[in-house]
>>> print(open('start-v2.pdb').read())   # PDB, C-alpha atoms and all ligand atoms
MODEL        1
ATOM      1  CA  MET A   1       0.000   0.000   0.000
ATOM      2  CA  LYS A   2       1.263   3.477  -0.856
ATOM      3  CA  ASN A   3       1.630   6.226   1.712
ATOM      4  CA  ASN A   4       0.005   9.635   1.305
ATOM      5  CA  PRO A   5       1.245  10.707  -2.155
ATOM      6  CA  GLN A   6       0.753  14.396  -1.302
ATOM      7  CA  LEU A   7       3.661  14.484   1.125
ATOM      8  CA  PRO A   8       7.183  15.132  -0.183
ATOM      9  CA  VAL A   9       9.552  12.235   0.407
ATOM     10  CA  ALA A  10      13.252  12.380   1.278
ATOM     11  CA  ALA A  11      15.595   9.386   1.077
ATOM     12  CA  ILE A  12      18.509   9.648   3.485
ATOM     13  CA  THR A  13      21.459   7.250   3.376
ATOM     14  CA  GLY A  14      23.094   6.939   6.771
ATOM     15  CA  GLY A  15      19.798   8.305   8.068
ATOM     16  CA  ALA A  16      19.800   6.312  11.293
ATOM     17  CA  SER A  17      22.430   8.427  13.039
ATOM     18  CA  GLY A  18      24.047  11.832  13.372
ATOM     19  CA  ILE A  19      23.646  14.311  10.534
ATOM     20  CA  GLY A  20      21.400  11.975   8.520
ATOM     21  CA  LEU A  21      19.042  11.435  11.441
ATOM     22  CA  GLU A  22      18.823  15.173  12.133
ATOM     23  CA  SER A  23      18.113  15.781   8.447
ATOM     24  CA  ALA A  24      15.220  13.314   8.666
ATOM     25  CA  ARG A  25      13.907  15.071  11.762
ATOM     26  CA  ARG A  26      14.068  18.442   9.982
ATOM     27  CA  TRP A  27      12.346  17.124   6.854
ATOM     28  CA  ILE A  28       9.511  15.594   8.906
ATOM     29  CA  ALA A  29       9.137  18.808  10.944
ATOM     30  CA  ASP A  30       8.479  20.563   7.641
ATOM     31  CA  GLY A  31       5.653  18.124   6.833
ATOM     32  CA  GLY A  32       7.487  15.556   4.712
ATOM     33  CA  ARG A  33       8.131  11.825   4.963
ATOM     34  CA  ALA A  34      11.643  10.472   5.444
ATOM     35  CA  VAL A  35      12.987   7.100   4.360
ATOM     36  CA  LEU A  36      16.145   6.141   6.212
ATOM     37  CA  LEU A  37      18.489   3.888   4.231
ATOM     38  CA  ASP A  38      21.108   2.609   6.653
ATOM     39  CA  LEU A  39      23.379  -0.367   7.190
ATOM     40  CA  SER A  40      22.571  -0.743  10.861
ATOM     41  CA  ARG A  41      19.272  -2.433  11.742
ATOM     42  CA  SER A  42      19.641  -1.577  15.435
ATOM     43  CA  ALA A  43      20.345   2.107  14.712
ATOM     44  CA  LEU A  44      17.371   2.151  12.326
ATOM     45  CA  ASN A  45      15.030   0.703  14.954
ATOM     46  CA  LYS A  46      16.147   3.312  17.482
ATOM     47  CA  ALA A  47      15.854   6.174  14.983
ATOM     48  CA  LEU A  48      12.429   5.104  13.751
ATOM     49  CA  ALA A  49      11.137   4.875  17.324
ATOM     50  CA  GLU A  50      12.335   8.464  17.857
ATOM     51  CA  LEU A  51      10.979   9.859  14.591
ATOM     52  CA  GLY A  52       7.511   8.301  14.766
ATOM     53  CA  GLY A  53       5.024   7.984  11.908
ATOM     54  CA  GLY A  54       6.703  10.320   9.425
ATOM     55  CA  ALA A  55       9.590   7.927   8.844
ATOM     56  CA  ARG A  56      10.236   4.526   7.369
ATOM     57  CA  GLY A  57      13.508   2.620   7.211
ATOM     58  CA  ALA A  58      15.254  -0.012   5.145
ATOM     59  CA  VAL A  59      18.545  -1.788   5.684
ATOM     60  CA  VAL A  60      20.738  -0.674   2.791
ATOM     61  CA  ASP A  61      24.467  -1.036   2.274
ATOM     62  CA  VAL A  62      25.665   1.761  -0.005
ATOM     63  CA  THR A  63      28.630  -0.386  -1.080
ATOM     64  CA  ASP A  64      26.239  -2.929  -2.613
ATOM     65  CA  ASN A  65      24.495  -1.715  -5.756
ATOM     66  CA  ALA A  66      21.718  -4.330  -5.558
ATOM     67  CA  SER A  67      20.987  -3.248  -1.992
ATOM     68  CA  VAL A  68      20.829   0.439  -3.001
ATOM     69  CA  LEU A  69      18.560  -0.339  -5.955
ATOM     70  CA  ALA A  70      16.272  -2.371  -3.683
ATOM     71  CA  GLY A  71      16.082   0.541  -1.220
ATOM     72  CA  PHE A  72      14.941   2.957  -3.924
ATOM     73  CA  GLN A  73      12.589   0.354  -5.435
ATOM     74  CA  GLY A  74      10.999   0.160  -1.980
ATOM     75  CA  ILE A  75      10.496   3.931  -2.109
ATOM     76  CA  ARG A  76       8.829   3.619  -5.516
ATOM     77  CA  GLU A  77       6.493   0.905  -4.237
ATOM     78  CA  THR A  78       5.712   2.290  -0.788
ATOM     79  CA  GLU A  79       5.948   6.067  -1.178
ATOM     80  CA  GLY A  80       5.207   6.429  -4.880
ATOM     81  CA  ARG A  81       7.408   9.510  -5.202
ATOM     82  CA  LEU A  82      10.803  10.956  -4.325
ATOM     83  CA  ASP A  83      11.625  14.644  -3.869
ATOM     84  CA  ALA A  84      14.965  14.788  -2.098
ATOM     85  CA  VAL A  85      18.025  12.668  -1.419
ATOM     86  CA  VAL A  86      20.627  13.202   1.291
ATOM     87  CA  ASN A  87      23.762  11.064   1.034
ATOM     88  CA  SER A  88      25.073  10.911   4.594
ATOM     89  CA  ALA A  89      26.301   7.313   4.947
ATOM     90  CA  GLY A  90      29.903   7.241   6.062
ATOM     91  CA  ILE A  91      32.567   6.041   8.441
ATOM     92  CA  ALA A  92      35.959   7.344   9.605
ATOM     93  CA  ARG A  93      39.107   5.183   9.635
ATOM     94  CA  PRO A  94      42.163   7.388  10.100
ATOM     95  CA  GLY A  95      45.638   5.910   9.778
ATOM     96  CA  PRO A  96      49.124   6.690   8.401
ATOM     97  CA  SER A  97      49.131   7.019   4.605
ATOM     98  CA  SER A  98      52.441   5.137   4.347
ATOM     99  CA  GLU A  99      50.782   2.056   5.812
ATOM    100  CA  VAL A 100      47.258   2.138   4.417
ATOM    101  CA  SER A 101      46.346  -1.020   2.482
ATOM    102  CA  ASP A 102      44.711  -0.922  -0.950
ATOM    103  CA  GLU A 103      41.733  -2.628   0.637
ATOM    104  CA  ASP A 104      41.230   0.006   3.358
ATOM    105  CA  PHE A 105      41.799   2.907   0.963
ATOM    106  CA  THR A 106      39.383   1.541  -1.627
ATOM    107  CA  ARG A 107      36.828   0.653   1.034
ATOM    108  CA  MET A 108      36.596   4.295   2.166
ATOM    109  CA  LEU A 109      36.154   5.475  -1.411
ATOM    110  CA  ASP A 110      33.532   2.777  -1.917
ATOM    111  CA  ILE A 111      31.441   3.859   1.063
ATOM    112  CA  HIS A 112      31.679   7.645   0.680
ATOM    113  CA  LEU A 113      32.202   8.368  -3.004
ATOM    114  CA  THR A 114      30.943   5.383  -5.001
ATOM    115  CA  GLY A 115      28.234   4.932  -2.368
ATOM    116  CA  ALA A 116      26.956   8.460  -3.020
ATOM    117  CA  MET A 117      27.090   7.814  -6.772
ATOM    118  CA  ARG A 118      25.136   4.559  -6.416
ATOM    119  CA  SER A 119      22.454   6.385  -4.438
ATOM    120  CA  CYS A 120      22.264   9.313  -6.917
ATOM    121  CA  ARG A 121      22.008   6.892  -9.852
ATOM    122  CA  ALA A 122      19.288   4.807  -8.186
ATOM    123  CA  ALA A 123      17.344   7.964  -7.247
ATOM    124  CA  TYR A 124      17.589   9.497 -10.714
ATOM    125  CA  PRO A 125      14.536   7.845 -12.379
ATOM    126  CA  LEU A 126      12.324   8.696  -9.406
ATOM    127  CA  LEU A 127      13.499  12.321  -9.253
ATOM    128  CA  LYS A 128      13.104  12.611 -13.011
ATOM    129  CA  GLU A 129       9.528  11.322 -12.865
ATOM    130  CA  ASN A 130       8.839  13.764 -10.042
ATOM    131  CA  GLY A 131       9.765  16.581 -12.426
ATOM    132  CA  ARG A 132      11.827  18.275  -9.756
ATOM    133  CA  GLY A 133      14.200  17.083  -7.076
ATOM    134  CA  THR A 134      17.266  17.740  -4.971
ATOM    135  CA  ILE A 135      20.322  15.816  -3.920
ATOM    136  CA  VAL A 136      22.615  16.892  -1.085
ATOM    137  CA  ASN A 137      25.897  15.033  -0.694
ATOM    138  CA  LEU A 138      27.942  15.100   2.496
ATOM    139  CA  ALA A 139      31.392  16.458   1.764
ATOM    140  CA  SER A 140      33.532  17.911   4.578
ATOM    141  CA  VAL A 141      36.289  20.377   5.328
ATOM    142  CA  ALA A 142      38.316  17.331   4.207
ATOM    143  CA  ALA A 143      37.206  18.114   0.625
ATOM    144  CA  LEU A 144      39.247  21.340   0.666
ATOM    145  CA  THR A 145      42.144  20.687   3.035
ATOM    146  CA  GLY A 146      44.973  18.222   3.540
ATOM    147  CA  MET A 147      44.606  16.184   6.730
ATOM    148  CA  PRO A 148      47.415  13.949   7.974
ATOM    149  CA  GLY A 149      46.294  10.344   8.402
ATOM    150  CA  ARG A 150      43.151  10.827   6.379
ATOM    151  CA  ALA A 151      44.203  10.177   2.775
ATOM    152  CA  SER A 152      41.223   8.006   1.869
ATOM    153  CA  TYR A 153      38.715  10.303   3.576
ATOM    154  CA  THR A 154      40.025  13.537   2.013
ATOM    155  CA  THR A 155      40.238  11.854  -1.399
ATOM    156  CA  ALA A 156      36.657  10.607  -1.098
ATOM    157  CA  LYS A 157      35.335  13.977   0.029
ATOM    158  CA  ALA A 158      37.197  15.897  -2.703
ATOM    159  CA  GLY A 159      35.675  13.376  -5.126
ATOM    160  CA  ILE A 160      32.211  14.088  -3.757
ATOM    161  CA  ALA A 161      32.675  17.783  -4.572
ATOM    162  CA  GLY A 162      33.523  16.821  -8.169
ATOM    163  CA  LEU A 163      30.660  14.357  -8.432
ATOM    164  CA  THR A 164      28.274  17.008  -7.107
ATOM    165  CA  ARG A 165      29.346  19.566  -9.711
ATOM    166  CA  THR A 166      29.032  17.138 -12.610
ATOM    167  CA  LEU A 167      25.624  15.761 -11.653
ATOM    168  CA  ALA A 168      24.420  19.332 -11.016
ATOM    169  CA  VAL A 169      25.245  20.306 -14.574
ATOM    170  CA  GLU A 170      24.132  17.040 -16.166
ATOM    171  CA  TRP A 171      20.770  16.768 -14.425
ATOM    172  CA  ALA A 172      19.776  20.450 -14.182
ATOM    173  CA  PRO A 173      17.716  20.263 -17.422
ATOM    174  CA  LEU A 174      15.489  17.735 -15.608
ATOM    175  CA  GLY A 175      14.921  20.061 -12.649
ATOM    176  CA  ILE A 176      17.246  18.065 -10.408
ATOM    177  CA  ARG A 177      19.579  20.241  -8.328
ATOM    178  CA  VAL A 178      22.672  18.667  -6.771
ATOM    179  CA  ASN A 179      24.623  20.358  -3.998
ATOM    180  CA  ALA A 180      27.001  19.399  -1.204
ATOM    181  CA  VAL A 181      27.584  20.545   2.346
ATOM    182  CA  GLY A 182      31.030  20.683   3.919
ATOM    183  CA  PRO A 183      30.748  20.336   7.670
ATOM    184  CA  GLY A 184      33.634  21.018   9.991
ATOM    185  CA  TYR A 185      33.638  18.882  13.120
ATOM    186  CA  VAL A 186      30.167  17.852  14.239
ATOM    187  CA  ARG A 187      29.315  16.154  17.516
ATOM    188  CA  THR A 188      28.011  12.752  16.304
ATOM    189  CA  ALA A 189      28.636   9.025  16.855
ATOM    190  CA  LEU A 190      31.339   9.240  14.168
ATOM    191  CA  THR A 191      33.438  11.879  15.969
ATOM    192  CA  ASP A 192      32.580  10.521  19.442
ATOM    193  CA  ALA A 193      34.088   7.165  18.404
ATOM    194  CA  LEU A 194      37.275   8.867  17.185
ATOM    195  CA  VAL A 195      37.623  10.813  20.451
ATOM    196  CA  THR A 196      37.039   7.618  22.489
ATOM    197  CA  GLU A 197      39.607   5.684  20.425
ATOM    198  CA  GLY A 198      42.144   8.482  20.995
ATOM    199  CA  LYS A 199      42.248   9.264  17.258
ATOM    200  CA  LEU A 200      40.828  12.761  17.645
ATOM    201  CA  ASP A 201      41.742  15.418  20.175
ATOM    202  CA  ASP A 202      38.928  17.953  20.257
ATOM    203  CA  ALA A 203      40.855  20.750  22.048
ATOM    204  CA  PRO A 204      43.047  21.835  19.069
ATOM    205  CA  ILE A 205      40.054  21.531  16.743
ATOM    206  CA  LYS A 206      38.021  23.942  18.848
ATOM    207  CA  ALA A 207      41.048  26.261  19.021
ATOM    208  CA  ARG A 208      41.392  26.122  15.202
ATOM    209  CA  THR A 209      37.682  26.831  14.595
ATOM    210  CA  PRO A 210      36.834  30.557  14.619
ATOM    211  CA  LEU A 211      33.484  29.808  16.296
ATOM    212  CA  GLY A 212      35.435  27.859  18.941
ATOM    213  CA  ARG A 213      33.280  24.738  19.113
ATOM    214  CA  PHE A 214      32.016  21.656  17.262
ATOM    215  CA  ALA A 215      28.746  21.976  15.315
ATOM    216  CA  GLU A 216      25.552  20.362  16.509
ATOM    217  CA  PRO A 217      24.044  17.910  13.957
ATOM    218  CA  ALA A 218      20.927  20.120  13.786
ATOM    219  CA  GLU A 219      23.028  23.069  12.541
ATOM    220  CA  VAL A 220      24.195  20.997   9.567
ATOM    221  CA  ALA A 221      20.711  19.540   9.018
ATOM    222  CA  GLU A 222      19.288  23.058   8.736
ATOM    223  CA  VAL A 223      21.630  23.836   5.830
ATOM    224  CA  ILE A 224      20.877  20.469   4.207
ATOM    225  CA  HIS A 225      17.194  21.319   4.511
ATOM    226  CA  PHE A 226      17.727  24.684   2.835
ATOM    227  CA  LEU A 227      19.503  22.961  -0.072
ATOM    228  CA  SER A 228      16.754  20.308  -0.241
ATOM    229  CA  THR A 229      13.844  22.708  -0.628
ATOM    230  CA  GLN A 230      12.626  25.478  -2.911
ATOM    231  CA  ALA A 231      14.211  28.040  -0.568
ATOM    232  CA  SER A 232      17.421  27.334  -2.522
ATOM    233  CA  SER A 233      15.744  27.045  -5.947
ATOM    234  CA  TYR A 234      18.654  28.692  -7.845
ATOM    235  CA  VAL A 235      21.528  27.056  -5.943
ATOM    236  CA  ASN A 236      23.067  24.227  -7.954
ATOM    237  CA  GLY A 237      26.462  22.521  -7.932
ATOM    238  CA  HIS A 238      27.546  24.352  -4.807
ATOM    239  CA  LEU A 239      29.684  23.109  -1.937
ATOM    240  CA  LEU A 240      28.377  25.028   1.061
ATOM    241  CA  MET A 241      30.779  24.944   3.992
ATOM    242  CA  VAL A 242      29.221  24.581   7.445
ATOM    243  CA  ASP A 243      32.465  24.745   9.372
ATOM    244  CA  GLY A 244      32.347  27.677  11.796
ATOM    245  CA  GLY A 245      34.789  29.546   9.542
ATOM    246  CA  MET A 246      37.514  26.876   9.704
ATOM    247  CA  THR A 247      38.409  26.785   6.003
ATOM    248  CA  VAL A 248      38.507  30.578   5.520
ATOM    249  CA  ASP A 249      40.543  31.290   8.642
ATOM    250  CA  GLY A 250      43.757  33.106   7.709
ATOM    251  CA  ASN A 251      44.409  34.076  11.299
ATOM    252  CA  TRP A 252      47.193  31.538  11.961
ATOM    253  CA  TYR A 253      49.610  34.224  13.183
ATOM    254  CA  SER A 254      47.914  35.466  16.350
TER     255      SER A 254
HETATM  256  N1  LIG A 301      30.632  14.226  12.188
HETATM  257  C1  LIG A 301      31.451  15.050  11.581
HETATM  258  O1  LIG A 301      32.226  15.782  12.213
HETATM  259  C2  LIG A 301      31.440  15.155  10.081
HETATM  260  C3  LIG A 301      32.141  16.224   9.481
HETATM  261  C4  LIG A 301      32.154  16.342   8.094
HETATM  262  C5  LIG A 301      31.486  15.399   7.321
HETATM  263  N2  LIG A 301      30.817  14.369   7.922
HETATM  264  C6  LIG A 301      30.167  13.414   7.052
HETATM  265  O2  LIG A 301      28.781  13.382   7.329
HETATM  266  C7  LIG A 301      28.267  12.077   7.077
HETATM  267  C8  LIG A 301      27.515  11.603   8.300
HETATM  268  O3  LIG A 301      28.403  11.565   9.402
HETATM  269  P1  LIG A 301      27.863  11.453  10.903
HETATM  270  O4  LIG A 301      28.850  12.167  11.739
HETATM  271  O5  LIG A 301      26.426  11.789  10.964
HETATM  272  O6  LIG A 301      28.092   9.877  11.140
HETATM  273  P2  LIG A 301      27.288   8.805  12.012
HETATM  274  O7  LIG A 301      28.272   7.733  12.330
HETATM  275  O8  LIG A 301      26.558   9.455  13.136
HETATM  276  O9  LIG A 301      26.205   8.258  10.959
HETATM  277  C9  LIG A 301      26.602   7.604   9.794
HETATM  278  C10 LIG A 301      25.568   6.554   9.430
HETATM  279  O10 LIG A 301      26.002   5.917   8.213
HETATM  280  C11 LIG A 301      25.685   4.544   8.317
HETATM  281  N3  LIG A 301      26.520   3.774   7.406
HETATM  282  C12 LIG A 301      27.859   3.506   7.510
HETATM  283  N4  LIG A 301      28.245   2.730   6.490
HETATM  284  C13 LIG A 301      27.158   2.526   5.713
HETATM  285  C14 LIG A 301      26.935   1.802   4.514
HETATM  286  N5  LIG A 301      27.919   1.097   3.914
HETATM  287  N6  LIG A 301      25.691   1.808   3.975
HETATM  288  C15 LIG A 301      24.690   2.494   4.575
HETATM  289  N7  LIG A 301      24.839   3.176   5.724
HETATM  290  C16 LIG A 301      26.067   3.194   6.289
HETATM  291  C17 LIG A 301      25.932   4.195   9.772
HETATM  292  O11 LIG A 301      25.236   2.999  10.147
HETATM  293  C18 LIG A 301      25.422   5.442  10.479
HETATM  294  O12 LIG A 301      24.051   5.300  10.850
HETATM  295  C19 LIG A 301      29.480  11.212   6.687
HETATM  296  O13 LIG A 301      29.566  11.156   5.287
HETATM  297  C20 LIG A 301      30.653  11.987   7.256
HETATM  298  O14 LIG A 301      31.843  11.728   6.553
HETATM  299  C21 LIG A 301      30.775  14.228   9.280
ENDMDL
END
>>> encode(input="start-v2.pdb", output="structure tokens")
Amino acid sequence: MKNNPQLPVAAITGGASGIGLESARRWIADGGRAVLLDLSRSALNKALAELGGGARGAVVDVTDNASVLAGFQGIRETEGRLDAVVNSAGIARPGPSSEVSDEDFTRMLDIHLTGAMRSCRAAYPLLKENGRGTIVNLASVAALTGMPGRASYTTAKAGIAGLTRTLAVEWAPLGIRVNAVGPGYVRTALTDALVTEGKLDDAPIKARTPLGRFAEPAEVAEVIHFLSTQASSYVNGHLLMVDGGMTVDGNWYS
């Protein structure tokens, strides 16, 4: 049975946690329905219990094309429409570049970059049929900066900026806008795990961020929401930094 076809539908990869979950919350608060596509069944169950009736979830692995296609087929069958996509699935695995294995390097690209491409490609027919649609990809300050120990992550995020620009130009004639956000450090399960594992020291990050703190997931979700709705109707192919001023800070001398 199809859900109410009047309500706009957003598909959110990695939607069961962090920035993806907050994006779902924001979309639902605006009257839409959110479909969370996430690898973790337990995180999905928890997120769906929090979000209530406006959300649905499916276990999807963005590294598996058949799984991604099945997730979007489920949206076709159950929701009957798709208006917005947020590609937020991701992990962090820092380590020295001199020691990184091909397998680990390629795995990060597969999750972040090829994963976003798989989701965009699977969403395309639905967005096209809708006559209008938006995609927001999660880049990072890592798309614009060099970060020791994060070769695969920075490469993937720089790739996402390129992917975003190309799809924005290619799909604009169909009314599909494609943008990216570039968060600085956001307080989520991803960064909490790095802090706990001793792979991230938050003190120098706060000191290096002009606003002097990490972002809250809701602050990033608000920008994703702007890029996902008609409020940003002429913004296309843009990488919008949400980093507290980190990447424009030239004040290294004081
Ligand atoms: N947290 C930050 O500081 C920060 C900063 C810049 C960019 N980002 C990016 O934002 C995105 C979301 O990060 P977050 O902090 O909300 O992370 P998070 O860990 O809170 O959530 C990520 C979600 O992705 C899911 N996921 C992981 N691998 C998957 C796969 N193969 N298929 C489907 N789902 C998968 C996880 O289950 C999890 O629910 C990531 O792309 C991350 O790189 C995060």
>>> closest_residue(input="start-v2.pdb", among="A:Thr106, A:Thr145, A:Asn236, A:Ser88", to="ligand LIG 301 (chain A)", atoms="only C-alpha atoms and all ligand atoms")
A:Ser88
>>> residues_near_ligand(input="start-v2.pdb", ligand="ligand LIG 301 (chain A)", cutoff="6 Å", atoms="only C-alpha atoms and all ligand atoms", output="JSON, numbers by chain")
{"A": [13, 14, 15, 16, 17, 18, 19, 20, 38, 39, 40, 60, 61, 62, 63, 88, 89, 90, 91, 111, 138, 139, 140, 183, 184, 185, 186, 187, 188, 189, 190, 191]}
>>> resolve_selection(input="start-v2.pdb", expression="the PyMOL selection byres (((chain A and resi 200-217) around 12) and not hetatm)", output="PyMOL selection string")
chain A and resi 17-26+88+92-95+141+148-150+182-199+218-224+241-254
>>> resolve_selection(input="start-v2.pdb", expression="the PyMOL selection byres (((chain A and resi 168) around 7) and not hetatm)", output="PyMOL selection string")
chain A and resi 164-167+169-172+177-178+236-237
>>> closest_residue(input="start-v2.pdb", among="A:Val100, A:Ala158, A:Gly146, A:Gly131", to="His112 (chain A)", atoms="all atoms listed in the file")
A:Ala158
>>> resolve_selection(input="start-v2.pdb", expression="the PyMOL selection byres (((chain A and resi 228) around 9) and not hetatm)", output="short mmCIF file (atom, residue, chain, number, x, y, z; two decimals) with C-alpha atoms, in the frame of the given file")
data_model
loop_
_atom_site.label_atom_id
_atom_site.label_comp_id
_atom_site.auth_asym_id
_atom_site.auth_seq_id
_atom_site.Cartn_x
_atom_site.Cartn_y
_atom_site.Cartn_z
CA ALA A 10 13.25 12.38 1.28
CA TRP A 27 12.35 17.12 6.85
CA ASP A 83 11.62 14.64 -3.87
CA ALA A 84 14.96 14.79 -2.10
CA VAL A 85 18.02 12.67 -1.42
CA VAL A 86 20.63 13.20 1.29
CA GLY A 133 14.20 17.08 -7.08
CA THR A 134 17.27 17.74 -4.97
CA ILE A 135 20.32 15.82 -3.92
CA VAL A 136 22.62 16.89 -1.08
CA ARG A 177 19.58 20.24 -8.33
CA VAL A 178 22.67 18.67 -6.77
CA ASN A 179 24.62 20.36 -4.00
CA VAL A 223 21.63 23.84 5.83
CA ILE A 224 20.88 20.47 4.21
CA HIS A 225 17.19 21.32 4.51
CA PHE A 226 17.73 24.68 2.84
CA LEU A 227 19.50 22.96 -0.07
CA THR A 229 13.84 22.71 -0.63
CA GLN A 230 12.63 25.48 -2.91
CA ALA A 231 14.21 28.04 -0.57
CA SER A 232 17.42 27.33 -2.52
CA SER A 233 15.74 27.04 -5.95
#
>>> atom_distance(input="start-v2.pdb", atom1="CA of Pro8 (chain A)", atom2="CA of Ala55 (chain A)")
11.8 Å
>>> atom_distance(input="start-v2.pdb", atom1="CA of Ala156 (chain A)", atom2="CA of Ala116 (chain A)")
10.1 Å
>>> closest_residue(input="start-v2.pdb", among="A:Gly80, A:Gly31, A:Gly159, A:Gly53", to="Gly115 (chain A)", atoms="only C-alpha atoms")
A:Gly159
>>> build_atoms(input="start-v2.pdb", residues="region 20-31 of chain A", atoms="N, CA and C atoms", output="PDB file, in the frame of the given file")
ATOM      1  N   GLY A  20      22.508  12.552   9.297  1.00  0.00           N
ATOM      2  CA  GLY A  20      21.400  11.975   8.520  1.00  0.00           C
ATOM      3  C   GLY A  20      20.122  11.942   9.327  1.00  0.00           C
ATOM      4  N   LEU A  21      20.223  11.510  10.570  1.00  0.00           N
ATOM      5  CA  LEU A  21      19.042  11.435  11.441  1.00  0.00           C
ATOM      6  C   LEU A  21      18.460  12.826  11.678  1.00  0.00           C
ATOM      7  N   GLU A  22      19.320  13.804  11.911  1.00  0.00           N
ATOM      8  CA  GLU A  22      18.823  15.173  12.133  1.00  0.00           C
ATOM      9  C   GLU A  22      18.176  15.730  10.861  1.00  0.00           C
ATOM     10  N   SER A  23      18.706  15.334   9.708  1.00  0.00           N
ATOM     11  CA  SER A  23      18.113  15.781   8.447  1.00  0.00           C
ATOM     12  C   SER A  23      16.708  15.197   8.295  1.00  0.00           C
ATOM     13  N   ALA A  24      16.554  13.933   8.706  1.00  0.00           N
ATOM     14  CA  ALA A  24      15.220  13.314   8.666  1.00  0.00           C
ATOM     15  C   ALA A  24      14.261  14.055   9.588  1.00  0.00           C
ATOM     16  N   ARG A  25      14.740  14.357  10.785  1.00  0.00           N
ATOM     17  CA  ARG A  25      13.907  15.071  11.762  1.00  0.00           C
ATOM     18  C   ARG A  25      13.452  16.419  11.199  1.00  0.00           C
ATOM     19  N   ARG A  26      14.369  17.110  10.535  1.00  0.00           N
ATOM     20  CA  ARG A  26      14.068  18.442   9.982  1.00  0.00           C
ATOM     21  C   ARG A  26      13.064  18.350   8.837  1.00  0.00           C
ATOM     22  N   TRP A  27      13.244  17.319   7.999  1.00  0.00           N
ATOM     23  CA  TRP A  27      12.346  17.124   6.854  1.00  0.00           C
ATOM     24  C   TRP A  27      10.921  16.828   7.337  1.00  0.00           C
ATOM     25  N   ILE A  28      10.824  15.971   8.358  1.00  0.00           N
ATOM     26  CA  ILE A  28       9.511  15.594   8.906  1.00  0.00           C
ATOM     27  C   ILE A  28       8.865  16.804   9.585  1.00  0.00           C
ATOM     28  N   ALA A  29       9.673  17.604  10.272  1.00  0.00           N
ATOM     29  CA  ALA A  29       9.137  18.808  10.944  1.00  0.00           C
ATOM     30  C   ALA A  29       8.519  19.761   9.930  1.00  0.00           C
ATOM     31  N   ASP A  30       8.997  19.693   8.702  1.00  0.00           N
ATOM     32  CA  ASP A  30       8.479  20.563   7.641  1.00  0.00           C
ATOM     33  C   ASP A  30       7.290  19.920   6.912  1.00  0.00           C
ATOM     34  N   GLY A  31       6.846  18.754   7.403  1.00  0.00           N
ATOM     35  CA  GLY A  31       5.653  18.124   6.833  1.00  0.00           C
ATOM     36  C   GLY A  31       5.923  17.008   5.852  1.00  0.00           C
TER      37      GLY A  31
END
